[in-house]
$ cat protein-v3.txt   # compact mmCIF, C-alpha atoms and all ligand atoms
# COMPACT_ATOMS: atom_id res chain seq x y z
CA MET A 1 55.37 171.19 -31.30
CA GLU A 2 58.51 169.78 -32.88
CA ASN A 3 58.00 167.92 -36.16
CA GLU A 4 54.25 168.50 -36.01
CA LEU A 5 54.04 168.67 -39.82
CA PHE A 6 55.72 165.30 -40.27
CA LYS A 7 53.45 163.75 -37.63
CA GLN A 8 50.36 165.03 -39.45
CA MET A 9 51.63 163.65 -42.75
CA SER A 10 52.48 160.34 -41.14
CA ASP A 11 48.98 160.06 -39.62
CA TYR A 12 47.44 160.91 -42.96
CA ILE A 13 49.43 158.13 -44.64
CA ASP A 14 48.30 155.67 -41.94
CA SER A 15 44.71 156.62 -42.77
CA ARG A 16 45.38 155.60 -46.40
CA ALA A 17 46.61 152.08 -45.54
CA GLY A 18 43.38 150.42 -46.68
CA TRP A 19 43.46 152.22 -50.02
CA MET A 20 47.13 151.27 -50.46
CA LYS A 21 46.31 147.61 -49.90
CA GLU A 22 43.59 147.64 -52.58
CA ARG A 23 45.69 149.67 -55.00
CA ARG A 24 48.69 147.32 -54.67
CA GLN A 25 46.54 144.21 -55.11
CA ASP A 26 44.97 145.62 -58.28
CA PHE A 27 48.42 146.39 -59.74
CA HIS A 28 49.53 142.91 -58.71
CA LYS A 29 46.59 141.29 -60.47
CA HIS A 30 47.15 143.30 -63.66
CA ALA A 31 50.96 142.89 -63.66
CA GLU A 32 52.61 144.65 -66.61
CA ALA A 33 56.21 143.79 -67.53
CA GLY A 34 58.77 146.34 -68.74
CA TRP A 35 57.44 148.72 -71.47
CA HIS A 36 53.94 147.23 -70.99
CA GLU A 37 52.94 149.56 -68.11
CA VAL A 38 50.17 151.42 -69.99
CA ARG A 39 47.35 150.55 -67.60
CA THR A 40 49.53 151.25 -64.55
CA CYS A 41 50.66 154.63 -65.93
CA SER A 42 47.11 155.66 -66.83
CA ILE A 43 45.95 154.94 -63.28
CA VAL A 44 48.87 156.93 -61.84
CA ALA A 45 48.15 159.81 -64.26
CA ASP A 46 44.45 159.86 -63.39
CA HIS A 47 45.33 159.94 -59.68
CA LEU A 48 47.76 162.85 -60.20
CA VAL A 49 45.24 164.85 -62.24
CA LYS A 50 42.57 164.34 -59.58
CA LEU A 51 45.06 165.64 -57.00
CA GLY A 52 45.60 168.80 -59.09
CA TYR A 53 49.12 168.14 -60.36
CA ASP A 54 48.03 169.26 -63.85
CA LYS A 55 47.33 172.81 -62.59
CA ALA A 56 50.14 175.39 -62.93
CA PRO A 57 52.61 175.85 -61.46
CA CYS A 58 52.52 172.06 -60.83
CA ARG A 59 52.95 169.80 -63.87
CA ILE A 60 52.61 166.21 -65.00
CA LEU A 61 55.05 164.97 -67.65
CA MET A 62 53.73 161.87 -69.42
CA GLY A 63 55.50 159.53 -71.83
CA ARG A 64 57.55 161.47 -74.40
CA GLU A 65 57.46 164.56 -72.16
CA CYS A 66 59.84 162.94 -69.64
CA MET A 67 61.66 160.30 -71.73
CA ALA A 68 64.54 160.37 -74.22
CA ALA A 69 63.15 158.01 -76.88
CA GLU A 70 66.52 156.84 -78.20
CA GLU A 71 67.75 155.89 -74.71
CA ARG A 72 65.03 153.27 -74.15
CA MET A 73 66.63 149.82 -74.14
CA GLY A 74 65.22 146.37 -74.85
CA LEU A 75 61.89 147.55 -76.29
CA PRO A 76 59.46 144.83 -77.38
CA ASP A 77 58.52 144.69 -81.09
CA GLN A 78 55.58 146.70 -82.44
CA GLU A 79 53.27 143.68 -82.55
CA GLU A 80 53.77 143.11 -78.84
CA LEU A 81 53.35 146.82 -78.05
CA ASP A 82 50.08 146.87 -80.01
CA PHE A 83 48.85 143.75 -78.21
CA ILE A 84 49.55 145.08 -74.72
CA TYR A 85 48.04 148.48 -75.55
CA GLN A 86 44.77 146.85 -76.53
CA ARG A 87 44.96 144.60 -73.49
CA ALA A 88 45.44 147.64 -71.23
CA LEU A 89 42.35 149.29 -72.74
CA ASP A 90 40.34 146.09 -72.31
CA GLU A 91 41.36 145.97 -68.66
CA GLY A 92 40.33 149.49 -67.77
CA ALA A 93 43.28 151.72 -68.72
CA ILE A 94 42.07 155.29 -68.26
CA MET A 95 41.62 157.62 -71.23
CA PRO A 96 42.75 160.11 -72.39
CA TYR A 97 45.96 159.31 -70.47
CA ALA A 98 46.56 155.77 -71.79
CA GLU A 99 47.35 157.19 -75.26
CA LYS A 100 50.31 159.13 -73.87
CA PHE A 101 52.00 155.88 -72.84
CA LYS A 102 51.53 154.00 -76.12
CA ASP A 103 54.46 152.43 -78.00
CA GLY A 104 56.91 152.07 -75.13
CA PHE A 105 56.60 155.50 -73.51
CA THR A 106 55.53 154.26 -70.08
CA GLY A 107 57.14 156.88 -67.84
CA ILE A 108 55.55 159.64 -65.79
CA VAL A 109 56.86 162.47 -63.61
CA ALA A 110 54.72 164.59 -61.27
CA ILE A 111 56.17 167.98 -60.36
CA LEU A 112 55.00 169.69 -57.19
CA GLU A 113 55.80 173.41 -57.22
CA THR A 114 55.13 175.01 -53.85
CA GLY A 115 55.89 178.51 -55.13
CA LYS A 116 58.23 179.10 -52.20
CA PRO A 117 62.02 178.98 -52.38
CA GLY A 118 63.53 175.65 -51.36
CA PRO A 119 65.42 172.61 -52.61
CA ILE A 120 64.57 170.56 -55.70
CA ILE A 121 64.04 166.97 -54.61
CA GLY A 122 63.60 163.87 -56.81
CA LEU A 123 61.80 160.72 -55.64
CA ARG A 124 61.88 157.55 -57.73
CA GLN A 125 59.74 154.44 -57.91
CA ASP A 126 59.60 151.79 -60.63
CA MET A 127 56.42 150.15 -61.95
CA ASP A 128 57.25 147.05 -64.00
CA ALA A 129 56.61 143.36 -63.38
CA LEU A 130 58.89 140.44 -64.24
CA GLY A 131 58.73 137.70 -66.85
CA VAL A 132 57.62 135.13 -64.28
CA VAL A 133 54.57 132.82 -64.28
CA GLU A 134 52.95 133.38 -60.88
CA SER A 135 52.24 130.39 -58.63
CA GLN A 136 48.59 129.32 -58.43
CA ASP A 137 49.29 127.25 -55.30
CA PRO A 138 46.57 128.02 -52.70
CA ALA A 139 49.36 128.42 -50.13
CA HIS A 140 50.44 131.52 -52.13
CA ARG A 141 48.43 134.42 -50.66
CA PRO A 142 47.75 136.27 -53.95
CA ALA A 143 46.33 133.03 -55.40
CA LYS A 144 44.32 132.29 -52.27
CA GLU A 145 42.90 135.82 -52.04
CA GLY A 146 42.24 136.15 -55.77
CA PHE A 147 44.73 138.82 -56.79
CA ALA A 148 47.39 136.69 -58.51
CA SER A 149 48.46 137.96 -61.92
CA ILE A 150 45.94 137.33 -64.70
CA HIS A 151 48.74 137.75 -67.26
CA PRO A 152 50.61 134.47 -67.74
CA GLY A 153 54.34 135.20 -67.73
CA GLU A 154 54.03 138.61 -66.07
CA MET A 155 54.24 138.84 -62.30
CA HIS A 156 55.09 141.46 -59.71
CA ALA A 157 57.79 139.27 -58.17
CA CYS A 158 60.00 142.17 -57.06
CA GLY A 159 57.52 144.45 -55.27
CA HIS A 160 57.31 147.23 -57.87
CA ASP A 161 53.50 147.16 -57.43
CA GLY A 162 54.26 148.31 -53.88
CA HIS A 163 56.66 151.01 -55.08
CA THR A 164 54.06 152.49 -57.46
CA THR A 165 51.49 152.53 -54.65
CA ILE A 166 53.96 154.24 -52.29
CA GLY A 167 54.66 156.92 -54.93
CA MET A 168 50.95 157.60 -55.44
CA VAL A 169 50.36 158.15 -51.73
CA VAL A 170 53.48 160.32 -51.41
CA ALA A 171 52.13 162.48 -54.27
CA GLU A 172 48.79 162.70 -52.50
CA THR A 173 50.29 163.58 -49.11
CA LEU A 174 52.65 166.24 -50.47
CA MET A 175 49.77 167.89 -52.35
CA LYS A 176 47.54 167.82 -49.28
CA PHE A 177 50.20 169.60 -47.19
CA LYS A 178 51.54 171.73 -50.07
CA ASP A 179 50.87 175.10 -48.42
CA GLN A 180 53.21 174.18 -45.57
CA LEU A 181 56.03 172.97 -47.88
CA CYS A 182 58.70 174.82 -49.87
CA GLY A 183 60.79 174.17 -52.99
CA THR A 184 59.99 171.58 -55.66
CA VAL A 185 59.45 167.82 -55.61
CA LYS A 186 59.70 165.64 -58.74
CA ILE A 187 58.03 162.28 -58.27
CA VAL A 188 59.30 159.83 -60.89
CA PHE A 189 57.37 156.71 -61.94
CA GLN A 190 59.82 154.71 -64.02
CA PRO A 191 59.24 151.88 -66.52
CA ALA A 192 61.25 148.74 -67.28
CA GLU A 193 63.66 148.54 -64.35
CA GLU A 194 63.96 144.77 -64.75
CA GLY A 195 66.72 144.09 -67.23
CA VAL A 196 68.00 147.62 -66.47
CA ARG A 197 66.26 149.15 -69.50
CA GLY A 198 64.11 152.10 -68.47
CA ALA A 199 65.85 154.55 -66.09
CA LYS A 200 68.33 155.86 -68.64
CA SER A 201 65.55 157.24 -70.85
CA ILE A 202 64.22 159.34 -67.95
CA ALA A 203 67.66 160.39 -66.64
CA TYR A 204 68.79 161.47 -70.13
CA SER A 205 65.57 163.44 -70.78
CA GLY A 206 67.08 166.14 -68.55
CA VAL A 207 64.11 166.21 -66.16
CA LEU A 208 66.40 165.51 -63.18
CA ASP A 209 69.23 167.86 -64.13
CA ASP A 210 68.33 170.49 -61.52
CA VAL A 211 67.64 167.98 -58.73
CA LYS A 212 69.73 168.53 -55.61
CA TYR A 213 68.58 165.48 -53.63
CA MET A 214 67.53 162.20 -55.27
CA ILE A 215 65.96 159.38 -53.27
CA GLY A 216 64.96 155.92 -54.53
CA VAL A 217 63.03 153.15 -52.81
CA HIS A 218 62.91 149.38 -53.09
CA MET A 219 61.16 146.74 -51.00
CA GLY A 220 63.57 144.57 -49.01
CA PRO A 221 63.30 141.46 -46.84
CA ARG A 222 63.08 141.94 -43.08
CA ARG A 223 64.90 138.63 -42.53
CA GLY A 224 63.15 138.03 -39.24
CA GLN A 225 64.46 141.27 -37.72
CA ASP A 226 62.28 144.01 -36.29
CA TYR A 227 63.10 146.73 -38.83
CA ASP A 228 60.85 148.75 -41.16
CA ILE A 229 63.36 150.93 -43.04
CA GLY A 230 66.85 149.92 -44.24
CA PHE A 231 69.82 151.61 -45.87
CA GLY A 232 72.87 150.60 -47.89
CA TYR A 233 76.08 151.92 -49.36
CA ASP A 234 75.62 150.24 -52.70
CA THR A 235 77.63 150.28 -55.86
CA ASN A 236 75.95 149.10 -58.99
CA MET A 237 77.63 146.34 -61.00
CA ALA A 238 78.42 147.34 -64.58
CA ASN A 239 76.01 145.40 -66.82
CA ALA A 240 75.66 144.64 -70.51
CA LYS A 241 72.66 142.56 -71.57
CA TRP A 242 72.70 141.33 -75.16
CA ASP A 243 70.48 139.43 -77.55
CA VAL A 244 72.75 138.01 -80.27
CA TYR A 245 71.37 136.89 -83.62
CA LEU A 246 73.47 134.58 -85.83
CA THR A 247 72.44 134.11 -89.44
CA GLY A 248 73.78 131.33 -91.69
CA LYS A 249 72.33 129.44 -94.61
CA ALA A 250 70.08 126.40 -94.38
CA CYS A 251 70.57 123.33 -96.58
CA HIS A 252 70.01 119.58 -96.59
CA ALA A 253 72.00 117.82 -93.89
CA ALA A 254 73.22 115.24 -96.44
CA SER A 255 75.12 117.94 -98.34
CA PRO A 256 76.17 120.38 -95.61
CA GLU A 257 78.75 122.04 -97.86
CA ASN A 258 75.84 123.97 -99.41
CA GLY A 259 75.03 125.83 -96.18
CA ASN A 260 76.55 127.92 -93.42
CA ASN A 261 75.94 126.33 -90.06
CA ALA A 262 74.80 128.85 -87.44
CA MET A 263 74.67 126.05 -84.83
CA LEU A 264 78.44 125.62 -85.08
CA ALA A 265 78.93 129.37 -84.83
CA MET A 266 76.77 129.35 -81.67
CA ALA A 267 78.79 126.50 -80.13
CA ALA A 268 82.06 128.32 -80.82
CA LEU A 269 80.57 131.53 -79.45
CA VAL A 270 79.37 130.00 -76.17
CA GLN A 271 82.69 128.24 -75.53
CA GLY A 272 84.64 131.32 -76.53
CA ILE A 273 82.67 133.74 -74.33
CA TYR A 274 83.12 131.56 -71.24
CA GLY A 275 86.79 131.24 -72.14
CA ILE A 276 87.59 134.96 -71.88
CA PRO A 277 90.74 135.01 -69.72
CA ARG A 278 90.60 136.68 -66.29
CA ALA A 279 92.19 140.09 -65.84
CA SER A 280 93.24 142.15 -62.85
CA TYR A 281 90.57 144.82 -63.43
CA GLY A 282 88.12 143.17 -61.02
CA ASN A 283 85.70 140.26 -60.92
CA THR A 284 83.41 139.55 -63.82
CA ALA A 285 80.37 137.34 -64.37
CA ILE A 286 79.23 135.94 -67.71
CA ASN A 287 76.05 134.07 -68.49
CA VAL A 288 74.59 132.67 -71.69
CA GLY A 289 71.08 132.03 -70.43
CA VAL A 290 69.01 131.07 -73.48
CA VAL A 291 69.79 129.63 -76.91
CA GLU A 292 67.07 129.22 -79.52
CA ALA A 293 68.30 127.43 -82.62
CA GLY A 294 67.49 125.10 -85.47
CA SER A 295 64.45 123.93 -87.38
CA GLY A 296 64.83 120.20 -87.99
CA ARG A 297 66.92 117.02 -87.65
CA ASN A 298 68.05 116.96 -91.25
CA VAL A 299 68.39 120.69 -91.84
CA VAL A 300 71.56 122.71 -91.39
CA CYS A 301 70.68 125.45 -88.90
CA ASP A 302 70.50 128.99 -90.31
CA ARG A 303 69.14 131.11 -87.40
CA VAL A 304 70.21 131.31 -83.76
CA LYS A 305 69.15 133.68 -81.00
CA ILE A 306 71.36 133.88 -77.91
CA VAL A 307 70.26 135.71 -74.74
CA MET A 308 73.27 136.58 -72.60
CA GLU A 309 74.76 139.07 -70.16
CA LEU A 310 78.12 140.37 -69.01
CA ARG A 311 78.78 141.97 -65.62
CA GLY A 312 81.77 143.69 -64.07
CA TYR A 313 82.21 144.45 -60.40
CA THR A 314 84.24 147.42 -61.62
CA GLN A 315 83.73 149.49 -64.77
CA ALA A 316 87.24 148.56 -65.95
CA ALA A 317 86.35 144.88 -65.66
CA LEU A 318 83.31 145.28 -67.95
CA ASP A 319 85.24 147.58 -70.28
CA TYR A 320 87.74 144.73 -70.65
CA ILE A 321 85.31 141.83 -71.27
CA GLU A 322 82.74 143.67 -73.39
CA PRO A 323 84.91 144.33 -76.49
CA TYR A 324 86.50 140.90 -76.01
CA ALA A 325 83.06 139.29 -76.12
CA ARG A 326 82.14 141.38 -79.17
CA ARG A 327 85.22 140.05 -81.01
CA ILE A 328 84.28 136.49 -80.10
CA VAL A 329 80.71 136.95 -81.38
CA GLU A 330 81.89 138.39 -84.70
CA HIS A 331 84.66 135.88 -85.28
CA ALA A 332 82.72 132.80 -84.12
CA ALA A 333 80.13 133.76 -86.75
CA ALA A 334 82.72 134.50 -89.45
CA MET A 335 84.55 131.22 -88.75
CA HIS A 336 81.48 129.35 -90.04
CA GLY A 337 80.49 131.78 -92.79
CA CYS A 338 77.69 133.34 -90.74
CA THR A 339 76.89 136.91 -89.74
CA ALA A 340 76.20 138.22 -86.25
CA GLU A 341 74.08 141.05 -84.90
CA ILE A 342 74.25 142.20 -81.28
CA LYS A 343 71.22 143.99 -79.83
CA VAL A 344 71.89 145.75 -76.52
CA MET A 345 68.82 144.98 -74.41
CA GLY A 346 69.98 146.67 -71.21
CA ALA A 347 73.04 148.30 -69.67
CA THR A 348 74.16 150.14 -66.56
CA PRO A 349 77.45 151.72 -65.57
CA CYS A 350 79.38 150.79 -62.42
CA TYR A 351 78.54 153.70 -60.17
CA PRO A 352 77.66 154.20 -56.50
CA ILE A 353 73.90 154.58 -56.14
CA ASP A 354 74.30 156.38 -52.81
CA ASP A 355 76.30 159.19 -51.33
CA PRO A 356 77.53 157.60 -48.04
CA ALA A 357 77.43 160.84 -46.01
CA PHE A 358 73.88 161.54 -47.24
CA VAL A 359 72.84 157.96 -46.40
CA ASP A 360 74.21 158.41 -42.86
CA GLU A 361 72.31 161.69 -42.53
CA LEU A 362 68.97 160.18 -43.62
CA CYS A 363 69.58 157.04 -41.56
CA ALA A 364 70.05 159.22 -38.46
CA LEU A 365 66.83 161.10 -39.33
CA SER A 366 64.96 157.80 -39.71
CA LYS A 367 66.07 156.68 -36.25
CA LYS A 368 65.31 160.05 -34.68
CA LEU A 369 61.76 160.05 -36.04
CA GLY A 370 61.15 156.61 -34.58
CA PHE A 371 61.32 154.38 -37.68
CA LYS A 372 62.68 150.94 -36.82
CA THR A 373 65.85 151.40 -38.84
CA ARG A 374 68.43 148.93 -40.12
CA ASP A 375 71.94 150.40 -40.40
CA PRO A 376 73.56 150.66 -43.82
CA GLN A 377 75.71 147.85 -45.13
CA ALA A 378 78.03 148.00 -48.11
CA GLY A 379 76.98 145.91 -51.06
CA THR A 380 76.70 145.49 -54.79
CA ASN A 381 73.45 146.02 -56.54
CA SER A 382 71.94 145.81 -60.01
CA GLU A 383 69.55 148.72 -60.22
CA ASP A 384 69.16 151.07 -63.12
CA TYR A 385 68.36 153.82 -60.60
CA THR A 386 72.15 154.18 -61.02
CA TYR A 387 71.51 156.33 -64.10
CA MET A 388 69.45 158.79 -62.05
CA ALA A 389 71.93 158.78 -59.14
CA GLN A 390 74.79 159.40 -61.57
CA ARG A 391 72.99 162.20 -63.40
CA VAL A 392 72.25 163.99 -60.10
CA MET A 393 75.58 163.33 -58.36
CA GLU A 394 77.66 164.39 -61.38
CA ARG A 395 75.88 167.75 -61.15
CA GLY A 396 76.78 168.15 -57.49
CA GLY A 397 73.62 166.63 -56.01
CA LYS A 398 73.22 163.80 -53.50
CA SER A 399 71.56 160.40 -53.71
CA CYS A 400 70.19 157.85 -51.25
CA PHE A 401 68.46 154.55 -52.00
CA PHE A 402 66.47 153.12 -49.08
CA ARG A 403 64.58 149.89 -48.45
CA CYS A 404 60.98 149.58 -47.31
CA LEU A 405 61.24 146.30 -45.39
CA SER A 406 58.59 143.61 -45.40
CA ASP A 407 58.21 139.91 -44.61
CA TYR A 408 59.02 137.89 -47.71
CA PRO A 409 57.57 134.36 -47.91
CA ALA A 410 59.96 133.72 -50.83
CA PRO A 411 62.95 135.53 -52.33
CA GLY A 412 62.58 138.25 -54.97
CA HIS A 413 61.84 136.94 -58.50
CA ALA A 414 60.39 133.64 -57.14
CA VAL A 415 56.99 132.38 -58.38
CA ASN A 416 55.57 132.66 -54.84
CA TYR A 417 57.09 136.03 -53.92
CA ASP A 418 54.83 138.40 -51.99
CA ILE A 419 54.97 141.50 -49.78
CA GLN A 420 52.74 142.56 -46.87
CA GLU A 421 50.69 145.64 -47.70
CA LYS A 422 50.72 146.78 -44.06
CA ASP A 423 54.40 147.72 -44.57
CA LEU A 424 53.81 150.06 -47.53
CA PRO A 425 52.89 153.12 -45.42
CA HIS A 426 56.41 153.06 -43.89
CA GLY A 427 57.92 153.67 -47.34
CA ALA A 428 55.60 156.63 -47.99
CA GLN A 429 56.20 157.99 -44.47
CA PHE A 430 59.99 157.84 -44.85
CA PHE A 431 59.80 159.64 -48.21
CA CYS A 432 57.76 162.42 -46.56
CA ALA A 433 60.15 162.52 -43.59
CA ALA A 434 63.12 162.97 -45.93
CA VAL A 435 61.33 165.60 -48.05
CA THR A 436 60.30 167.75 -45.08
CA TYR A 437 63.77 167.34 -43.52
CA LEU A 438 65.49 168.50 -46.72
CA MET A 439 63.10 171.47 -46.84
CA GLY A 440 64.23 172.36 -43.30
CA LEU A 441 60.77 171.62 -41.86
CA THR A 442 61.60 168.47 -39.88
CA LYS A 443 64.55 168.28 -37.53
ZN ZN B 501 63.09 145.28 -58.24
$ encode --input "protein-v3.txt" --output "structure tokens"
Amino acid sequence: MENELFKQMSDYIDSRAGWMKERRQDFHKHAEAGWHEVRTCSIVADHLVKLGYDKAPCRILMGRECMAAEERMGLPDQEELDFIYQRALDEGAIMPYAEKFKDGFTGIVAILETGKPGPIIGLRQDMDALGVVESQDPAHRPAKEGFASIHPGEMHACGHDGHTTIGMVVAETLMKFKDQLCGTVKIVFQPAEEGVRGAKSIAYSGVLDDVKYMIGVHMGPRRGQDYDIGFGYDTNMANAKWDVYLTGKACHAASPENGNNAMLAMAALVQGIYGIPRASYGNTAINVGVVEAGSGRNVVCDRVKIVMELRGYTQAALDYIEPYARRIVEHAAAMHGCTAEIKVMGATPCYPIDDPAFVDELCALSKKLGFKTRDPQAGTNSEDYTYMAQRVMERGGKSCFFRCLSDYPAPGHAVNYDIQEKDLPHGAQFFCAAVTYLMGLTK
């Protein structure tokens, strides 16, 4: 019977819907923001070991084994890393795996080797929560049903709890049907997507360098339409996310000539950054989102922290404003006798995250196999999956980023965001459809 293997896998995933619901709600309750995902990773690792991924020729790469340490961006300080490690252990992180993910090494890659010739396929899901305080309003389902985040200021408000769950069931399904598959599948569980900080460390570790087909997933809103799977032709905006520290010298406000006023440097900096003249390289967006400054009414301010970002709709546009902004930071500080330090907290290049012909091919497959499929639309995106797509496409491979659609009661990143667990199996089923198709086993 045609596509019998895919049908069996699809039925198996349906049978795991109850488990997926519980798994997602547990991740939701124990939301871990970027570089905090120790508990999440340990649960994924334990699942993979129980499935047999640790037995040769299959492999599990944990933490340092699949991450380039120096490419991690926007890491929390050691005190915070120590705190969240202990918290993860207190909340049931699984040993001995938890140790592998300590100190900001919260990435994991499962490698399925079938032992038969075939393509090398990469599948990516991200695991981190956002810096959002979740709503406790009883109208918010997670609050009503008792699985709202127990970590104030950390919330799965972008559906990555769903992505992690999808990845775990894909790993399970592929292993269950391994004898009927061919080639290699690398299932990537990525940290710190929010703030575009984590993907680069995995892409630059080299683990994806031999991947021929790379596929990423994200939840997406159904917007009242009857679709389960969606596609796009997306190009990632070029991003630079900075924390700027200005240092001056404090003194009594009655004799300000004895100090160097970092507050004035900050004011000049903010005005200057927004005043960068437009150029013909493409649209840009600038935001200074947070300023923390000063210690008292009668004290000249000596320390300022500025949280800001720069975006270009083309790479040339960012390449124009980024050095311009750097000059403004340095000179605004120097103008008032202060010094400036820029810490890059996140960055992505402007790069297409999909190969349009490959998207069309997988979209046609999705329709043929009976998924309710939304056609691709062109758009801009901010996804650090870009680093993985770029790494694979620059080596002659192909990339597609699809959406697992669900009903959203509120937009992504809102305090009352939620997804419907009944939609998660569709994401896992499409991954398995694409994998078996690329192996030549589904038509
Ligand atoms: Zn997201």
$ closest_residue --input "protein-v3.txt" --among "A:Lys178, A:Lys144, A:Arg297, A:His156" --to "ligand ZN 501 (chain B)" --atoms "all atoms listed in the file"
A:His156
$ closest_atom_pairs --input "protein-v3.txt" --of "chain A" --to "ligand ZN 501 (chain B)" --cutoff "10 Å" --atoms "all atoms listed in the file" --output "tab-separated table"
residue	atom	partner	partner_atom	distance
A:Gln125	CA	B:ZN501	ZN	9.8
A:Asp126	CA	B:ZN501	ZN	7.8
A:Met127	CA	B:ZN501	ZN	9.1
A:Asp128	CA	B:ZN501	ZN	8.4
A:Ala129	CA	B:ZN501	ZN	8.5
A:Leu130	CA	B:ZN501	ZN	8.8
A:His156	CA	B:ZN501	ZN	9.0
A:Ala157	CA	B:ZN501	ZN	8.0
A:Cys158	CA	B:ZN501	ZN	4.5
A:Gly159	CA	B:ZN501	ZN	6.4
A:His160	CA	B:ZN501	ZN	6.1
A:Asp161	CA	B:ZN501	ZN	9.8
A:His163	CA	B:ZN501	ZN	9.2
A:Ala192	CA	B:ZN501	ZN	9.9
A:Glu193	CA	B:ZN501	ZN	6.9
A:Glu194	CA	B:ZN501	ZN	6.6
A:Gly195	CA	B:ZN501	ZN	9.8
A:Val196	CA	B:ZN501	ZN	9.9
A:Val217	CA	B:ZN501	ZN	9.6
A:His218	CA	B:ZN501	ZN	6.6
A:Met219	CA	B:ZN501	ZN	7.6
A:Gly220	CA	B:ZN501	ZN	9.3
A:Ser382	CA	B:ZN501	ZN	9.0
A:Glu383	CA	B:ZN501	ZN	7.6
A:Asp384	CA	B:ZN501	ZN	9.7
A:Gly412	CA	B:ZN501	ZN	7.8
A:His413	CA	B:ZN501	ZN	8.4
$ atom_distance --input "protein-v3.txt" --atom1 "atom CA of Glu257 of chain A" --atom2 "atom CA of Val304 of chain A"
18.9 Å
$ atom_distance --input "protein-v3.txt" --atom1 "atom CA of Phe83 of chain A" --atom2 "atom CA of Thr40 of chain A"
15.6 Å
$ atom_distance --input "protein-v3.txt" --atom1 "atom CA of Asn239 of chain A" --atom2 "atom CA of Lys398 of chain A"
22.9 Å
$ axis_aligned_box --input "protein-v3.txt" --around "segment 270-285 of chain A" --padding-each-side "4 Å" --output "AutoDock Vina command-line options"
--center_x 86.3 --center_y 136.5 --center_z -68.7 --size_x 21.9 --size_y 24.6 --size_z 23.6
$ residues_around --input "protein-v3.txt" --residues "Cys338 of chain A" --least-positions-apart "4" --cutoff "6 Å" --atoms "all atoms listed in the file" --output "PDB file with C-alpha atoms, in the coordinates of the input"
ATOM      1  CA  THR A 247      72.440 134.110 -89.440  1.00  0.00           C
ATOM      2  CA  GLY A 248      73.780 131.330 -91.690  1.00  0.00           C
ATOM      3  CA  ALA A 333      80.130 133.760 -86.750  1.00  0.00           C
ATOM      4  CA  ALA A 334      82.720 134.500 -89.450  1.00  0.00           C
TER       5      ALA A 334
END
$ closest_residue --input "protein-v3.txt" --among "A:Gln225, A:Met335, A:Met214, A:Ile286" --to "Asn261 of chain A" --atoms "only C-alpha atoms"
A:Met335
